[in-house]
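Participant: First, the structure itself, so that you have it in front of you.
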Amino acid sequence: MVTLTNTDSQAKTYIDNVYNKLQTLNAHEPEFLQAVKEIIYSLTPVFEQHPEYVDAAILERIVEPERILKFRVSWVDDNGKVQVNRGYRIQFNSAIGPYKGGLRFHPSVNESIIKFLGFEQIFKNSLTGQPIGGGKGGSDFDPKGKSNNEIMRFCQAFMTELYRHIGQDTDVPAGDIGVGGREVGYLYGQYKRIRGGYEPGVLTGKGLSFGGSLARTEATGYGCVYFVKEMLKEIGESFANQTVVVSGSGNVAIYATQKAQQLGAKVVAVSDSSGYIHDPNGINIDTLKDIKEVRKARISEYVNVHPEATYTEGCAGIWTIPCDIALPCATQNEIDEAAAKTLVANGVKAVGEGANMPSTLEAIDVYYANKVLFGPAKAANAGGVAVSALEMAQDSQRQFWTFEEVDAKLHGIMKNIYKECSEAAKQYGHEGNLLVGANIAGFKKVADAMLAQGVI
Ligand code: GLU
């Protein structure tokens with residue numbers, strides 16, 4: 001594999017042993033194993049140079065969550081029928097700050113998904129330079145087709161268990177797929193009802209009237225574009241006049257589209273879980289926002305307003321649309337080897353991951369084999385959680401910054417992440433490989449903190 005080190009060093013054997021044991025212990029968790037594999041093999045040069053990490057069993061400890069909470073969520077639907085879902089919160093690593101990471105409500109949620117997301121979050125959060133550890137949570141609850149009251153009752157039931165495990169200095173959830181401002185509001189309301197008192201820093205992504213931060217909604221999408229902008233600079237290019245394909249139509253996709261357009265690109269496609277829109281004239285952002293944010297409807301409605309665009313059922317075909325830049329902002333493993341080859345055949349120059357782990361390991365190999373610039377998720381989509389940390393800071397200060405202030409800080413953070421990734425890659429002999437750089441830079445900060453704190 002291009003992304004992994006091929007040497008037969010002692011460090012490689014050590015990593016093999018840790019991975020093989022993990023594979024035996026977690027045989028039924030493919031997404032978790034995929035996320036671990038992608039990270040730990042790229043750390044080979046780090047273990048070669050730092051035997052102290054091996055002596056302190058940092059790797060063995062970092063792949064093991066500090067704790068996993070799994071709980072029943074019972075609630076009553078609009079027909080008076082009792083429904084039962086499964087809730088999760090993983091508190092993966094607290095070496096550099098309170099556990100931090102979103103909640104995902106989606107029928108595909110299981111322990112493997114929550115573990116992969118929580119594991120990625122450790123390194124992503126470390127890269128932001130903010131004092132936040134790694135956590136994640138969610139439920140197999142499907143928000144699709146549920147009424148507003150059902151969503152509220154589910155959120156209240158979920159928080160009725162979760163409240164006892166979280167706090168502004170211990171664990172701070174936020175949104176992810178299926179959890180946006182509305183859900184965070186209901187979750188916060190229930191937390192406040194149970195705990196009493198004003199503790200807005202317990203959740204991020206809140207409404208602006210009760211402790212939310214300006215630019216949090218835009219942050220992941222904007223941050224992804226800021227990161228790709230830095231990648232393009234390396235080859236003397238910019239977003240101007242580039243054709244971009246964005247998958248997804250949640251807040252990551254919407255604001256990646258908006259920022260790419262502001263920088264002069266033409267975004268020709270977006271999607272949802274049912275299908276995708278191809279608009280050769282460029283996606284109309286107002287229509288997209290109206291469908292998704294205001295009416296919470298399906299993306300297929302876009303063609304009613306813009307008949308020149310086409311709608312295609314199913315999502316995979318979106319990667320057959322020729323583009324210069326691909327921004328996968330939908331979900332995990334949405335670009336496989338075949339899709340990556342198609343992107344390459346159509347001349348893609350850069351891929352920036354707005355979603356978590358949207359490319360399979362095989363797809364990543366295709367990017368590197370074909371010299372496609374690649375911005376890995378834990379670096380490229382770190383803008384969301386970075387602004388969550390800024391929201392926590394504002395909540396602690398009881399002060400709120402302007403949109404421009406938050407956006408400027410976000411821009412600075414994304415530039416810095418790019419710099420750290422590219423410097424770490426160079427320092428450890430993999431110049432230009434941002435995946436290796438992100439993994440090493442993210443890991444080292446956490447590993448050093450774990451080392452300094454002793455065996456705990
Ligand atoms: N769910 C987002 C992520 O994957 C944001 C998490 C947060 O703001 O805590 O990073």
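Labeling convention for the structure tokens: chains A, B, ... as they appear, residues from 1 per chain, ligands from 1 in order of appearance.
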Just want the residues within 6 Å of ligand 1, written as a PyMOL selection string, counting only C-alpha atoms and all ligand atoms.

Facilitator: chain A and resi 100-102+173-176+382+384-385+388

Participant: Could the residues in this selection be written to a file with N, CA and C atoms, as a PDB file, in the first residue's frame?

Facilitator:
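Saved as out_36.pdb:
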ATOM      1  N   LYS A 100     -14.451  15.002  23.272  1.00  0.00           N
ATOM      2  CA  LYS A 100     -15.178  15.930  22.393  1.00  0.00           C
ATOM      3  C   LYS A 100     -15.470  15.236  21.084  1.00  0.00           C
ATOM      4  N   GLY A 101     -16.708  15.306  20.668  1.00  0.00           N
ATOM      5  CA  GLY A 101     -17.090  14.712  19.389  1.00  0.00           C
ATOM      6  C   GLY A 101     -18.596  14.662  19.290  1.00  0.00           C
ATOM      7  N   GLY A 102     -19.073  14.524  18.079  1.00  0.00           N
ATOM      8  CA  GLY A 102     -20.501  14.641  17.822  1.00  0.00           C
ATOM      9  C   GLY A 102     -21.318  13.406  18.166  1.00  0.00           C
ATOM     10  N   PRO A 173     -20.555  16.644  23.899  1.00  0.00           N
ATOM     11  CA  PRO A 173     -21.069  16.220  22.584  1.00  0.00           C
ATOM     12  C   PRO A 173     -21.477  17.401  21.705  1.00  0.00           C
ATOM     13  N   ALA A 174     -21.744  17.085  20.439  1.00  0.00           N
ATOM     14  CA  ALA A 174     -22.209  18.069  19.457  1.00  0.00           C
ATOM     15  C   ALA A 174     -23.002  17.293  18.407  1.00  0.00           C
ATOM     16  N   GLY A 175     -23.119  17.856  17.209  1.00  0.00           N
ATOM     17  CA  GLY A 175     -23.852  17.171  16.150  1.00  0.00           C
ATOM     18  C   GLY A 175     -22.954  16.340  15.253  1.00  0.00           C
ATOM     19  N   ASP A 176     -23.591  15.550  14.410  1.00  0.00           N
ATOM     20  CA  ASP A 176     -22.950  14.810  13.323  1.00  0.00           C
ATOM     21  C   ASP A 176     -24.111  14.459  12.388  1.00  0.00           C
ATOM     22  N   ALA A 382     -11.502  19.070  10.122  1.00  0.00           N
ATOM     23  CA  ALA A 382     -11.333  19.429  11.537  1.00  0.00           C
ATOM     24  C   ALA A 382     -11.920  20.799  11.894  1.00  0.00           C
ATOM     25  N   GLY A 384     -14.928  21.909  11.899  1.00  0.00           N
ATOM     26  CA  GLY A 384     -16.158  21.872  12.693  1.00  0.00           C
ATOM     27  C   GLY A 384     -15.859  21.750  14.175  1.00  0.00           C
ATOM     28  N   VAL A 385     -15.062  20.762  14.493  1.00  0.00           N
ATOM     29  CA  VAL A 385     -14.764  20.557  15.914  1.00  0.00           C
ATOM     30  C   VAL A 385     -13.867  21.677  16.441  1.00  0.00           C
ATOM     31  N   SER A 388     -16.147  24.225  17.437  1.00  0.00           N
ATOM     32  CA  SER A 388     -16.802  23.764  18.667  1.00  0.00           C
ATOM     33  C   SER A 388     -15.948  24.132  19.880  1.00  0.00           C
TER      34      SER A 388
END

Participant: Considering only C-alpha atoms, return as a ChimeraX atom specification whatever protein or nucleic-acid residues lie within 8 Å of stretch 204-209 of chain A, sequence-local ones (same chain, fewer than 6 positions apart) excluded.

Facilitator: /A:172-175,180-181,184-185,188,216-217,388,391-392

Participant: Show which residues sit within 12 Å of A:Asn148, as a PDB file with N, CA, C and O atoms, in the first residue's frame. Count only C-alpha atoms, and ignore same-chain residues fewer than 6 positions away.

Facilitator:
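Final file, selection.pdb:
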ATOM      1  N   ASP A  77     -43.806   7.081  20.123  1.00  0.00           N
ATOM      2  CA  ASP A  77     -44.016   7.756  18.830  1.00  0.00           C
ATOM      3  C   ASP A  77     -45.387   8.434  18.768  1.00  0.00           C
ATOM      4  O   ASP A  77     -46.176   8.361  19.724  1.00  0.00           O
ATOM      5  N   ASP A  78     -45.680   9.088  17.648  1.00  0.00           N
ATOM      6  CA  ASP A  78     -46.924   9.863  17.532  1.00  0.00           C
ATOM      7  C   ASP A  78     -48.177   8.995  17.582  1.00  0.00           C
ATOM      8  O   ASP A  78     -49.273   9.492  17.803  1.00  0.00           O
ATOM      9  N   PHE A 154     -37.413  11.817  21.268  1.00  0.00           N
ATOM     10  CA  PHE A 154     -36.242  10.928  21.196  1.00  0.00           C
ATOM     11  C   PHE A 154     -35.030  11.606  21.842  1.00  0.00           C
ATOM     12  O   PHE A 154     -34.305  11.006  22.640  1.00  0.00           O
ATOM     13  N   CYS A 155     -34.797  12.876  21.493  1.00  0.00           N
ATOM     14  CA  CYS A 155     -33.638  13.607  22.052  1.00  0.00           C
ATOM     15  C   CYS A 155     -33.738  13.665  23.576  1.00  0.00           C
ATOM     16  O   CYS A 155     -32.736  13.497  24.287  1.00  0.00           O
ATOM     17  N   ARG A 182     -31.381  21.879  15.636  1.00  0.00           N
ATOM     18  CA  ARG A 182     -32.646  21.562  16.294  1.00  0.00           C
ATOM     19  C   ARG A 182     -32.449  20.488  17.361  1.00  0.00           C
ATOM     20  O   ARG A 182     -32.901  20.622  18.501  1.00  0.00           O
ATOM     21  N   GLU A 183     -31.744  19.418  16.992  1.00  0.00           N
ATOM     22  CA  GLU A 183     -31.544  18.305  17.928  1.00  0.00           C
ATOM     23  C   GLU A 183     -30.680  18.735  19.116  1.00  0.00           C
ATOM     24  O   GLU A 183     -30.967  18.366  20.264  1.00  0.00           O
ATOM     25  N   TYR A 186     -32.827  20.524  21.594  1.00  0.00           N
ATOM     26  CA  TYR A 186     -33.656  19.630  22.422  1.00  0.00           C
ATOM     27  C   TYR A 186     -32.796  18.887  23.455  1.00  0.00           C
ATOM     28  O   TYR A 186     -33.202  18.686  24.600  1.00  0.00           O
ATOM     29  N   LYS A 296     -36.355  20.977   4.726  1.00  0.00           N
ATOM     30  CA  LYS A 296     -35.860  19.644   5.097  1.00  0.00           C
ATOM     31  C   LYS A 296     -36.437  18.570   4.152  1.00  0.00           C
ATOM     32  O   LYS A 296     -36.953  17.534   4.574  1.00  0.00           O
TER      33      LYS A 296
END

Participant: For each of A:Thr342, A:Leu288, A:Glu29, A:Ile39, take the minimum atom-to-atom distance to A:Asn304, counting only C-alpha atoms, then give the residue where this is smallest.

Facilitator: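 Residue with the minimum atom-to-atom distance to A:Asn304: A:Leu288.
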
Participant: Report as a list in words all protein, DNA and RNA residues lying within 10 Å of A:Pro200, evaluated on only C-alpha atoms, omitting residues in the same chain fewer than 3 positions from it.

Facilitator: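 Counting only C-alpha atoms, the residues come to Gly167, Gln168, Tyr188, Tyr191, Lys192, Gly197, Leu203, Thr204, Lys206, Phe210, Gly211, Gly212, Glu391, Met392, Gln394, Asp395, Ser396 and Arg398 of chain A.
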
Participant: If you count only C-alpha atoms, which residues fall within 12 Å of A:Thr44, apart from same-chain ones fewer than 5 positions away, as number ranges by chain?

Facilitator: A: 3-16, 37-39, 49-51, 53-54, 59, 428-430, 436-437, 439-440, 443

Participant: Could you pull out the strand (DSSP E) residues of stretch 77-186 of chain A from DSSP and send them as an NGL selection string?

Facilitator: :A and (82-93 or 99-105 or 133-139 or 171-174)

Participant: Quick one: contact table of stretch 157-276 of chain A to stretch 105-113 of chain A, 7 Å max, nearest atom pair and distance in Å to one decimal per residue, counting only C-alpha atoms, chain and number order, as a Markdown table?

Facilitator:
| residue | atom | partner | partner_atom | distance |
| --- | --- | --- | --- | --- |
| A:Ile177 | CA | A:Phe105 | CA | 6.2 |
| A:Gly178 | CA | A:Phe105 | CA | 4.8 |
| A:Val179 | CA | A:Phe105 | CA | 6.3 |

Participant: Using only C-alpha atoms, which residues sit within 10 Å of A:Glu64 once same-chain residues fewer than 6 positions away are excluded, as a PyMOL selection string?

Facilitator: chain A and resi 22+92-93+115+119

Participant: Would you export the selected residues with N, CA and C atoms as a PDB file, in the first residue's frame, please?

Facilitator:
ATOM      1  N   LEU A  22      -5.620  -6.648  17.940  1.00  0.00           N
ATOM      2  CA  LEU A  22      -6.836  -5.834  17.862  1.00  0.00           C
ATOM      3  C   LEU A  22      -7.861  -6.459  16.912  1.00  0.00           C
ATOM      4  N   PHE A  92     -13.089   8.057  24.260  1.00  0.00           N
ATOM      5  CA  PHE A  92     -11.938   7.316  23.743  1.00  0.00           C
ATOM      6  C   PHE A  92     -10.631   7.743  24.382  1.00  0.00           C
ATOM      7  N   ASN A  93     -10.391   9.043  24.456  1.00  0.00           N
ATOM      8  CA  ASN A  93      -9.086   9.480  24.961  1.00  0.00           C
ATOM      9  C   ASN A  93      -9.202  10.889  25.536  1.00  0.00           C
ATOM     10  N   LYS A 115     -16.951   3.498  17.220  1.00  0.00           N
ATOM     11  CA  LYS A 115     -15.533   3.357  17.576  1.00  0.00           C
ATOM     12  C   LYS A 115     -14.615   3.965  16.509  1.00  0.00           C
ATOM     13  N   PHE A 119     -12.240   7.083  17.354  1.00  0.00           N
ATOM     14  CA  PHE A 119     -10.795   6.934  17.183  1.00  0.00           C
ATOM     15  C   PHE A 119     -10.245   8.057  16.300  1.00  0.00           C
TER      16      PHE A 119
END

Participant: Which residues come within 10 Å of A:Cys315, counting only C-alpha atoms, excluding same-chain residues fewer than 4 positions away, as a list in words?

Facilitator: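 Final neighbour list, sorted by chain and number: Ser247, Gly248, Val270, Ser271, Asp272, Ser273, Ser274, Gly275, Tyr276, Ile277, Trp319, Ala330 and Glu334 of chain A.
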